[in-house]
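Heads up, data_39.cif below (mmCIF, N, CA and C atoms):
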data_final
#
loop_
_atom_site.group_PDB
_atom_site.id
_atom_site.type_symbol
_atom_site.label_atom_id
_atom_site.label_comp_id
_atom_site.auth_asym_id
_atom_site.auth_seq_id
_atom_site.Cartn_x
_atom_site.Cartn_y
_atom_site.Cartn_z
ATOM 1 N N MET A 206 93.124 95.078 96.316
ATOM 2 C CA MET A 206 93.502 96.359 95.757
ATOM 3 C C MET A 206 93.441 96.256 94.246
ATOM 4 N N LYS A 207 92.762 97.201 93.608
ATOM 5 C CA LYS A 207 92.713 97.255 92.154
ATOM 6 C C LYS A 207 93.696 98.316 91.673
ATOM 7 N N ILE A 208 94.407 97.972 90.591
ATOM 8 C CA ILE A 208 95.330 98.925 89.986
ATOM 9 C C ILE A 208 95.189 98.841 88.473
ATOM 10 N N SER A 209 95.656 99.862 87.776
ATOM 11 C CA SER A 209 95.514 99.893 86.320
ATOM 12 C C SER A 209 96.633 99.157 85.594
ATOM 13 N N ALA A 210 97.740 98.920 86.246
ATOM 14 C CA ALA A 210 98.871 98.258 85.591
ATOM 15 C C ALA A 210 98.507 96.852 85.165
ATOM 16 N N ARG A 211 98.792 96.505 83.926
ATOM 17 C CA ARG A 211 98.469 95.181 83.407
ATOM 18 C C ARG A 211 99.654 94.230 83.472
ATOM 19 N N ASN A 212 100.847 94.756 83.639
ATOM 20 C CA ASN A 212 102.049 93.932 83.698
ATOM 21 C C ASN A 212 102.288 93.486 85.136
ATOM 22 N N GLN A 213 101.608 92.402 85.525
ATOM 23 C CA GLN A 213 101.704 91.877 86.878
ATOM 24 C C GLN A 213 102.235 90.451 86.812
ATOM 25 N N ILE A 214 103.284 90.177 87.586
ATOM 26 C CA ILE A 214 103.945 88.875 87.561
ATOM 27 C C ILE A 214 104.077 88.358 88.995
ATOM 28 N N ALA A 215 103.558 87.167 89.232
ATOM 29 C CA ALA A 215 103.660 86.562 90.558
ATOM 30 C C ALA A 215 105.075 86.058 90.790
ATOM 31 N N GLY A 216 105.543 86.160 92.026
ATOM 32 C CA GLY A 216 106.882 85.687 92.355
ATOM 33 C C GLY A 216 107.073 85.474 93.838
ATOM 34 N N THR A 217 108.289 85.073 94.189
ATOM 35 C CA THR A 217 108.658 84.800 95.576
ATOM 36 C C THR A 217 109.903 85.599 95.921
ATOM 37 N N VAL A 218 109.881 86.279 97.063
ATOM 38 C CA VAL A 218 111.024 87.083 97.500
ATOM 39 C C VAL A 218 112.203 86.156 97.816
ATOM 40 N N LEU A 219 113.327 86.419 97.158
ATOM 41 C CA LEU A 219 114.558 85.660 97.404
ATOM 42 C C LEU A 219 115.445 86.345 98.427
ATOM 43 N N SER A 220 115.506 87.687 98.361
ATOM 44 C CA SER A 220 116.350 88.418 99.313
ATOM 45 C C SER A 220 115.881 89.854 99.448
ATOM 46 N N VAL A 221 116.136 90.406 100.618
ATOM 47 C CA VAL A 221 115.889 91.813 100.927
ATOM 48 C C VAL A 221 117.144 92.293 101.638
ATOM 49 N N THR A 222 117.835 93.275 101.051
ATOM 50 C CA THR A 222 119.099 93.739 101.619
ATOM 51 C C THR A 222 119.009 95.225 101.945
ATOM 52 N N PRO A 223 118.557 95.572 103.168
ATOM 53 C CA PRO A 223 118.418 96.987 103.524
ATOM 54 C C PRO A 223 119.750 97.737 103.464
ATOM 55 N N GLY A 224 119.695 98.917 102.884
ATOM 56 C CA GLY A 224 120.851 99.802 102.835
ATOM 57 C C GLY A 224 120.561 101.037 103.668
ATOM 58 N N ALA A 225 121.284 102.122 103.395
ATOM 59 C CA ALA A 225 121.092 103.355 104.153
ATOM 60 C C ALA A 225 119.704 103.946 103.930
ATOM 61 N N VAL A 226 119.201 103.866 102.688
ATOM 62 C CA VAL A 226 117.914 104.461 102.349
ATOM 63 C C VAL A 226 116.964 103.462 101.694
ATOM 64 N N SER A 227 117.513 102.610 100.847
ATOM 65 C CA SER A 227 116.669 101.668 100.114
ATOM 66 C C SER A 227 117.241 100.255 100.177
ATOM 67 N N ALA A 228 116.418 99.304 99.747
ATOM 68 C CA ALA A 228 116.807 97.898 99.788
ATOM 69 C C ALA A 228 116.560 97.260 98.428
ATOM 70 N N PRO A 229 117.587 96.636 97.837
ATOM 71 C CA PRO A 229 117.311 95.833 96.650
ATOM 72 C C PRO A 229 116.516 94.598 97.083
ATOM 73 N N VAL A 230 115.408 94.359 96.397
ATOM 74 C CA VAL A 230 114.572 93.198 96.681
ATOM 75 C C VAL A 230 114.609 92.312 95.445
ATOM 76 N N LYS A 231 115.097 91.086 95.600
ATOM 77 C CA LYS A 231 115.188 90.138 94.491
ATOM 78 C C LYS A 231 113.994 89.198 94.561
ATOM 79 N N ILE A 232 113.320 89.047 93.406
ATOM 80 C CA ILE A 232 112.113 88.238 93.337
ATOM 81 C C ILE A 232 112.244 87.210 92.225
ATOM 82 N N ASP A 233 112.034 85.959 92.576
ATOM 83 C CA ASP A 233 112.061 84.857 91.611
ATOM 84 C C ASP A 233 110.696 84.795 90.941
ATOM 85 N N ILE A 234 110.663 85.007 89.603
ATOM 86 C CA ILE A 234 109.395 84.973 88.878
ATOM 87 C C ILE A 234 109.253 83.695 88.059
ATOM 88 N N GLY A 235 110.138 82.745 88.318
ATOM 89 C CA GLY A 235 110.054 81.443 87.653
ATOM 90 C C GLY A 235 110.877 81.366 86.389
ATOM 91 N N GLY A 236 111.107 80.164 85.936
ATOM 92 C CA GLY A 236 111.854 79.947 84.704
ATOM 93 C C GLY A 236 113.287 80.415 84.764
ATOM 94 N N GLY A 237 113.844 80.505 85.981
ATOM 95 C CA GLY A 237 115.211 80.985 86.136
ATOM 96 C C GLY A 237 115.346 82.495 86.036
ATOM 97 N N ASN A 238 114.225 83.209 86.061
ATOM 98 C CA ASN A 238 114.225 84.672 85.941
ATOM 99 C C ASN A 238 114.058 85.332 87.307
ATOM 100 N N ILE A 239 114.870 86.364 87.532
ATOM 101 C CA ILE A 239 114.820 87.121 88.786
ATOM 102 C C ILE A 239 114.654 88.598 88.451
ATOM 103 N N VAL A 240 113.717 89.235 89.129
ATOM 104 C CA VAL A 240 113.502 90.671 88.994
ATOM 105 C C VAL A 240 114.038 91.324 90.256
ATOM 106 N N THR A 241 114.780 92.422 90.102
ATOM 107 C CA THR A 241 115.296 93.168 91.246
ATOM 108 C C THR A 241 114.673 94.555 91.251
ATOM 109 N N SER A 242 114.151 94.952 92.391
ATOM 110 C CA SER A 242 113.550 96.271 92.538
ATOM 111 C C SER A 242 114.192 96.990 93.717
ATOM 112 N N SER A 243 114.443 98.275 93.554
ATOM 113 C CA SER A 243 114.958 99.084 94.648
ATOM 114 C C SER A 243 113.761 99.686 95.383
ATOM 115 N N VAL A 244 113.590 99.291 96.642
ATOM 116 C CA VAL A 244 112.433 99.705 97.436
ATOM 117 C C VAL A 244 112.949 100.469 98.657
ATOM 118 N N ILE A 245 112.341 101.624 98.954
ATOM 119 C CA ILE A 245 112.805 102.364 100.125
ATOM 120 C C ILE A 245 112.552 101.535 101.376
ATOM 121 N N ASN A 246 113.435 101.693 102.366
ATOM 122 C CA ASN A 246 113.364 100.899 103.595
ATOM 123 C C ASN A 246 112.013 101.021 104.297
ATOM 124 N N GLU A 247 111.430 102.212 104.274
ATOM 125 C CA GLU A 247 110.133 102.418 104.923
ATOM 126 C C GLU A 247 109.066 101.538 104.266
ATOM 127 N N ALA A 248 109.094 101.412 102.942
ATOM 128 C CA ALA A 248 108.120 100.576 102.240
ATOM 129 C C ALA A 248 108.355 99.097 102.536
ATOM 130 N N VAL A 249 109.617 98.691 102.646
ATOM 131 C CA VAL A 249 109.932 97.307 103.015
ATOM 132 C C VAL A 249 109.299 96.991 104.361
ATOM 133 N N SER A 250 109.438 97.907 105.292
ATOM 134 C CA SER A 250 108.868 97.727 106.627
ATOM 135 C C SER A 250 107.343 97.731 106.582
ATOM 136 N N ASP A 251 106.757 98.706 105.877
ATOM 137 C CA ASP A 251 105.296 98.808 105.783
ATOM 138 C C ASP A 251 104.678 97.552 105.170
ATOM 139 N N LEU A 252 105.344 96.994 104.157
ATOM 140 C CA LEU A 252 104.841 95.790 103.488
ATOM 141 C C LEU A 252 105.195 94.516 104.246
ATOM 142 N N GLY A 253 106.140 94.626 105.174
ATOM 143 C CA GLY A 253 106.584 93.454 105.916
ATOM 144 C C GLY A 253 107.266 92.439 105.013
ATOM 145 N N LEU A 254 108.027 92.938 104.034
ATOM 146 C CA LEU A 254 108.682 92.046 103.075
ATOM 147 C C LEU A 254 109.767 91.209 103.725
ATOM 148 N N SER A 255 109.733 89.919 103.447
ATOM 149 C CA SER A 255 110.784 89.032 103.931
ATOM 150 C C SER A 255 110.934 87.859 102.967
ATOM 151 N N VAL A 256 112.066 87.179 103.069
ATOM 152 C CA VAL A 256 112.376 86.048 102.199
ATOM 153 C C VAL A 256 111.262 85.002 102.279
ATOM 154 N N GLY A 257 110.849 84.517 101.111
ATOM 155 C CA GLY A 257 109.815 83.495 101.037
ATOM 156 C C GLY A 257 108.416 84.031 100.808
ATOM 157 N N ASP A 258 108.228 85.352 100.977
ATOM 158 C CA ASP A 258 106.909 85.944 100.757
ATOM 159 C C ASP A 258 106.485 85.798 99.305
ATOM 160 N N LYS A 259 105.206 85.491 99.092
ATOM 161 C CA LYS A 259 104.609 85.496 97.763
ATOM 162 C C LYS A 259 104.187 86.931 97.487
ATOM 163 N N VAL A 260 104.665 87.495 96.375
ATOM 164 C CA VAL A 260 104.383 88.886 96.028
ATOM 165 C C VAL A 260 104.008 88.989 94.555
ATOM 166 N N THR A 261 103.588 90.165 94.162
ATOM 167 C CA THR A 261 103.312 90.448 92.758
ATOM 168 C C THR A 261 104.228 91.576 92.319
ATOM 169 N N VAL A 262 104.973 91.337 91.247
ATOM 170 C CA VAL A 262 105.806 92.373 90.639
ATOM 171 C C VAL A 262 104.896 93.146 89.691
ATOM 172 N N ILE A 263 104.823 94.452 89.858
ATOM 173 C CA ILE A 263 103.962 95.282 89.026
ATOM 174 C C ILE A 263 104.853 96.252 88.255
ATOM 175 N N VAL A 264 104.795 96.162 86.928
ATOM 176 C CA VAL A 264 105.631 97.011 86.080
ATOM 177 C C VAL A 264 104.737 98.064 85.442
ATOM 178 N N LYS A 265 105.006 99.310 85.750
ATOM 179 C CA LYS A 265 104.245 100.424 85.200
ATOM 180 C C LYS A 265 105.243 101.481 84.762
ATOM 181 N N ALA A 266 105.346 101.669 83.464
ATOM 182 C CA ALA A 266 106.316 102.640 82.949
ATOM 183 C C ALA A 266 105.735 103.336 81.730
ATOM 184 N N SER A 267 106.052 104.593 81.589
ATOM 185 C CA SER A 267 105.608 105.316 80.402
ATOM 186 C C SER A 267 106.521 104.990 79.214
ATOM 187 N N ASP A 268 107.765 104.609 79.477
ATOM 188 C CA ASP A 268 108.707 104.245 78.436
ATOM 189 C C ASP A 268 109.506 103.036 78.855
ATOM 190 N N VAL A 269 109.703 102.126 77.938
ATOM 191 C CA VAL A 269 110.600 100.999 78.145
ATOM 192 C C VAL A 269 111.604 101.056 77.013
ATOM 193 N N LEU A 270 112.875 101.220 77.363
ATOM 194 C CA LEU A 270 113.922 101.351 76.362
ATOM 195 C C LEU A 270 114.749 100.084 76.258
ATOM 196 N N ILE A 271 115.119 99.740 75.043
ATOM 197 C CA ILE A 271 115.992 98.609 74.807
ATOM 198 C C ILE A 271 117.152 99.094 73.959
ATOM 199 N N GLY A 272 118.368 98.766 74.356
ATOM 200 C CA GLY A 272 119.551 99.141 73.590
ATOM 201 C C GLY A 272 120.347 97.927 73.209
ATOM 202 N N LYS A 273 121.102 98.067 72.148
ATOM 203 C CA LYS A 273 121.941 96.955 71.728
ATOM 204 C C LYS A 273 123.246 97.498 71.174
#
As structure tokens - that is how I would like this structure written.
Amino acid sequence: MKISARNQIAGTVLSVTPGAVSAPVKIDIGGGNIVTSSVINEAVSDLGLSVGDKVTVIVKASDVLIGK
């Protein structure tokens, strides 16, 4: 699959915790860094996401805000 997003980070699924509608998915991207994404349950099922899966985190945003 080709996509336009350039911010792609390889990682490993650490946990998938299904809720009523969505599931927080925690992904280890190395160096002690973990990315958490809220994924709807249907997408978790469609992708067959489970602990240990090798995945790609894709970050696509029109704005990235930083506050201090």
Enclose region 229-246 of chain A, meaning all of its atoms listed in the file, in a box aligned along x, y and z, pad it by 5 Å on each side, and list the centre and edge lengths in Å to one decimal, as AutoDock Vina command-line options.
--center_x 113.4 --center_y 91.2 --center_z 94.5 --size_x 18.3 --size_y 32.4 --size_z 29.6
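Nearest residue to Val262 (chain A) among A:Val249, A:Ile234, A:Ala225, A:Ile208 is A:Ile234, counting only C-alpha atoms.
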Test item: residues at most 8 Å from Gly257 (chain A), only N, CA and C atoms, excluding those fewer than 4 positions along its chain, as an mmCIF file with N, CA and C atoms, in the coordinates of the input:
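Final output, around.cif:
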data_model
loop_
_atom_site.group_PDB
_atom_site.id
_atom_site.type_symbol
_atom_site.label_atom_id
_atom_site.label_comp_id
_atom_site.auth_asym_id
_atom_site.auth_seq_id
_atom_site.Cartn_x
_atom_site.Cartn_y
_atom_site.Cartn_z
ATOM 1 N N GLY A 216 105.543 86.160 92.026
ATOM 2 C CA GLY A 216 106.882 85.687 92.355
ATOM 3 C C GLY A 216 107.073 85.474 93.838
ATOM 4 N N THR A 217 108.289 85.073 94.189
ATOM 5 C CA THR A 217 108.658 84.800 95.576
ATOM 6 C C THR A 217 109.903 85.599 95.921
ATOM 7 N N VAL A 218 109.881 86.279 97.063
ATOM 8 C CA VAL A 218 111.024 87.083 97.500
ATOM 9 C C VAL A 218 112.203 86.156 97.816
ATOM 10 N N LEU A 219 113.327 86.419 97.158
ATOM 11 C CA LEU A 219 114.558 85.660 97.404
ATOM 12 C C LEU A 219 115.445 86.345 98.427
ATOM 13 N N SER A 220 115.506 87.687 98.361
ATOM 14 C CA SER A 220 116.350 88.418 99.313
ATOM 15 C C SER A 220 115.881 89.854 99.448
ATOM 16 N N VAL A 221 116.136 90.406 100.618
ATOM 17 C CA VAL A 221 115.889 91.813 100.927
ATOM 18 C C VAL A 221 117.144 92.293 101.638
#
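From atom N of Lys273 (chain A) back to atom C of Val230 (chain A), the distance works out to 24.9 Å.
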Query raised in the report: Which residues match the PyMOL selection byres ((chain A and resi 228) around 6.5) in the file above, as a ChimeraX atom specification?
Result: /A:221-224,226-227,229-230,242-246
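As for CA of Ile214 (chain A) and CA of Gly235 (chain A), they are spaced 9.6 Å apart.
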**Report entry** Near-Asn212 (chain A) list (10 Å; only C-alpha atoms; drop same-chain fewer than 3 positions) as a list in words
**Finding:** Ser209, Thr261, Val262, Ile263, Val264, Lys265 and Ala266 of chain A
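Within chain A, DSSP run on the backbone puts these residues in alpha helix (DSSP H): Asn246, Glu247, Ala248, Val249, Ser250, Asp251 and Leu252 of chain A.
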Requested in this report: Can you check which residues of region 212-250 of chain A DSSP gives as strand (DSSP E) on the backbone and send them as a VMD selection string?
Outcome: chain A and resid 212 to 221 227 to 235 238 to 245
Hey, can you spit out that residue selection with N, CA and C atoms as a compact mmCIF listing (two decimals), in the frame of the given file?
# COMPACT_ATOMS: atom_id res chain seq x y z
N ASN A 212 100.85 94.76 83.64
CA ASN A 212 102.05 93.93 83.70
C ASN A 212 102.29 93.49 85.14
N GLN A 213 101.61 92.40 85.52
CA GLN A 213 101.70 91.88 86.88
C GLN A 213 102.24 90.45 86.81
N ILE A 214 103.28 90.18 87.59
CA ILE A 214 103.94 88.88 87.56
C ILE A 214 104.08 88.36 89.00
N ALA A 215 103.56 87.17 89.23
CA ALA A 215 103.66 86.56 90.56
C ALA A 215 105.08 86.06 90.79
N GLY A 216 105.54 86.16 92.03
CA GLY A 216 106.88 85.69 92.36
C GLY A 216 107.07 85.47 93.84
N THR A 217 108.29 85.07 94.19
CA THR A 217 108.66 84.80 95.58
C THR A 217 109.90 85.60 95.92
N VAL A 218 109.88 86.28 97.06
CA VAL A 218 111.02 87.08 97.50
C VAL A 218 112.20 86.16 97.82
N LEU A 219 113.33 86.42 97.16
CA LEU A 219 114.56 85.66 97.40
C LEU A 219 115.44 86.34 98.43
N SER A 220 115.51 87.69 98.36
CA SER A 220 116.35 88.42 99.31
C SER A 220 115.88 89.85 99.45
N VAL A 221 116.14 90.41 100.62
CA VAL A 221 115.89 91.81 100.93
C VAL A 221 117.14 92.29 101.64
N SER A 227 117.51 102.61 100.85
CA SER A 227 116.67 101.67 100.11
C SER A 227 117.24 100.26 100.18
N ALA A 228 116.42 99.30 99.75
CA ALA A 228 116.81 97.90 99.79
C ALA A 228 116.56 97.26 98.43
N PRO A 229 117.59 96.64 97.84
CA PRO A 229 117.31 95.83 96.65
C PRO A 229 116.52 94.60 97.08
N VAL A 230 115.41 94.36 96.40
CA VAL A 230 114.57 93.20 96.68
C VAL A 230 114.61 92.31 95.44
N LYS A 231 115.10 91.09 95.60
CA LYS A 231 115.19 90.14 94.49
C LYS A 231 113.99 89.20 94.56
N ILE A 232 113.32 89.05 93.41
CA ILE A 232 112.11 88.24 93.34
C ILE A 232 112.24 87.21 92.22
N ASP A 233 112.03 85.96 92.58
CA ASP A 233 112.06 84.86 91.61
C ASP A 233 110.70 84.80 90.94
N ILE A 234 110.66 85.01 89.60
CA ILE A 234 109.40 84.97 88.88
C ILE A 234 109.25 83.70 88.06
N GLY A 235 110.14 82.74 88.32
CA GLY A 235 110.05 81.44 87.65
C GLY A 235 110.88 81.37 86.39
N ASN A 238 114.22 83.21 86.06
CA ASN A 238 114.22 84.67 85.94
C ASN A 238 114.06 85.33 87.31
N ILE A 239 114.87 86.36 87.53
CA ILE A 239 114.82 87.12 88.79
C ILE A 239 114.65 88.60 88.45
N VAL A 240 113.72 89.24 89.13
CA VAL A 240 113.50 90.67 88.99
C VAL A 240 114.04 91.32 90.26
N THR A 241 114.78 92.42 90.10
CA THR A 241 115.30 93.17 91.25
C THR A 241 114.67 94.56 91.25
N SER A 242 114.15 94.95 92.39
CA SER A 242 113.55 96.27 92.54
C SER A 242 114.19 96.99 93.72
N SER A 243 114.44 98.28 93.55
CA SER A 243 114.96 99.08 94.65
C SER A 243 113.76 99.69 95.38
N VAL A 244 113.59 99.29 96.64
CA VAL A 244 112.43 99.70 97.44
C VAL A 244 112.95 100.47 98.66
N ILE A 245 112.34 101.62 98.95
CA ILE A 245 112.80 102.36 100.12
C ILE A 245 112.55 101.54 101.38
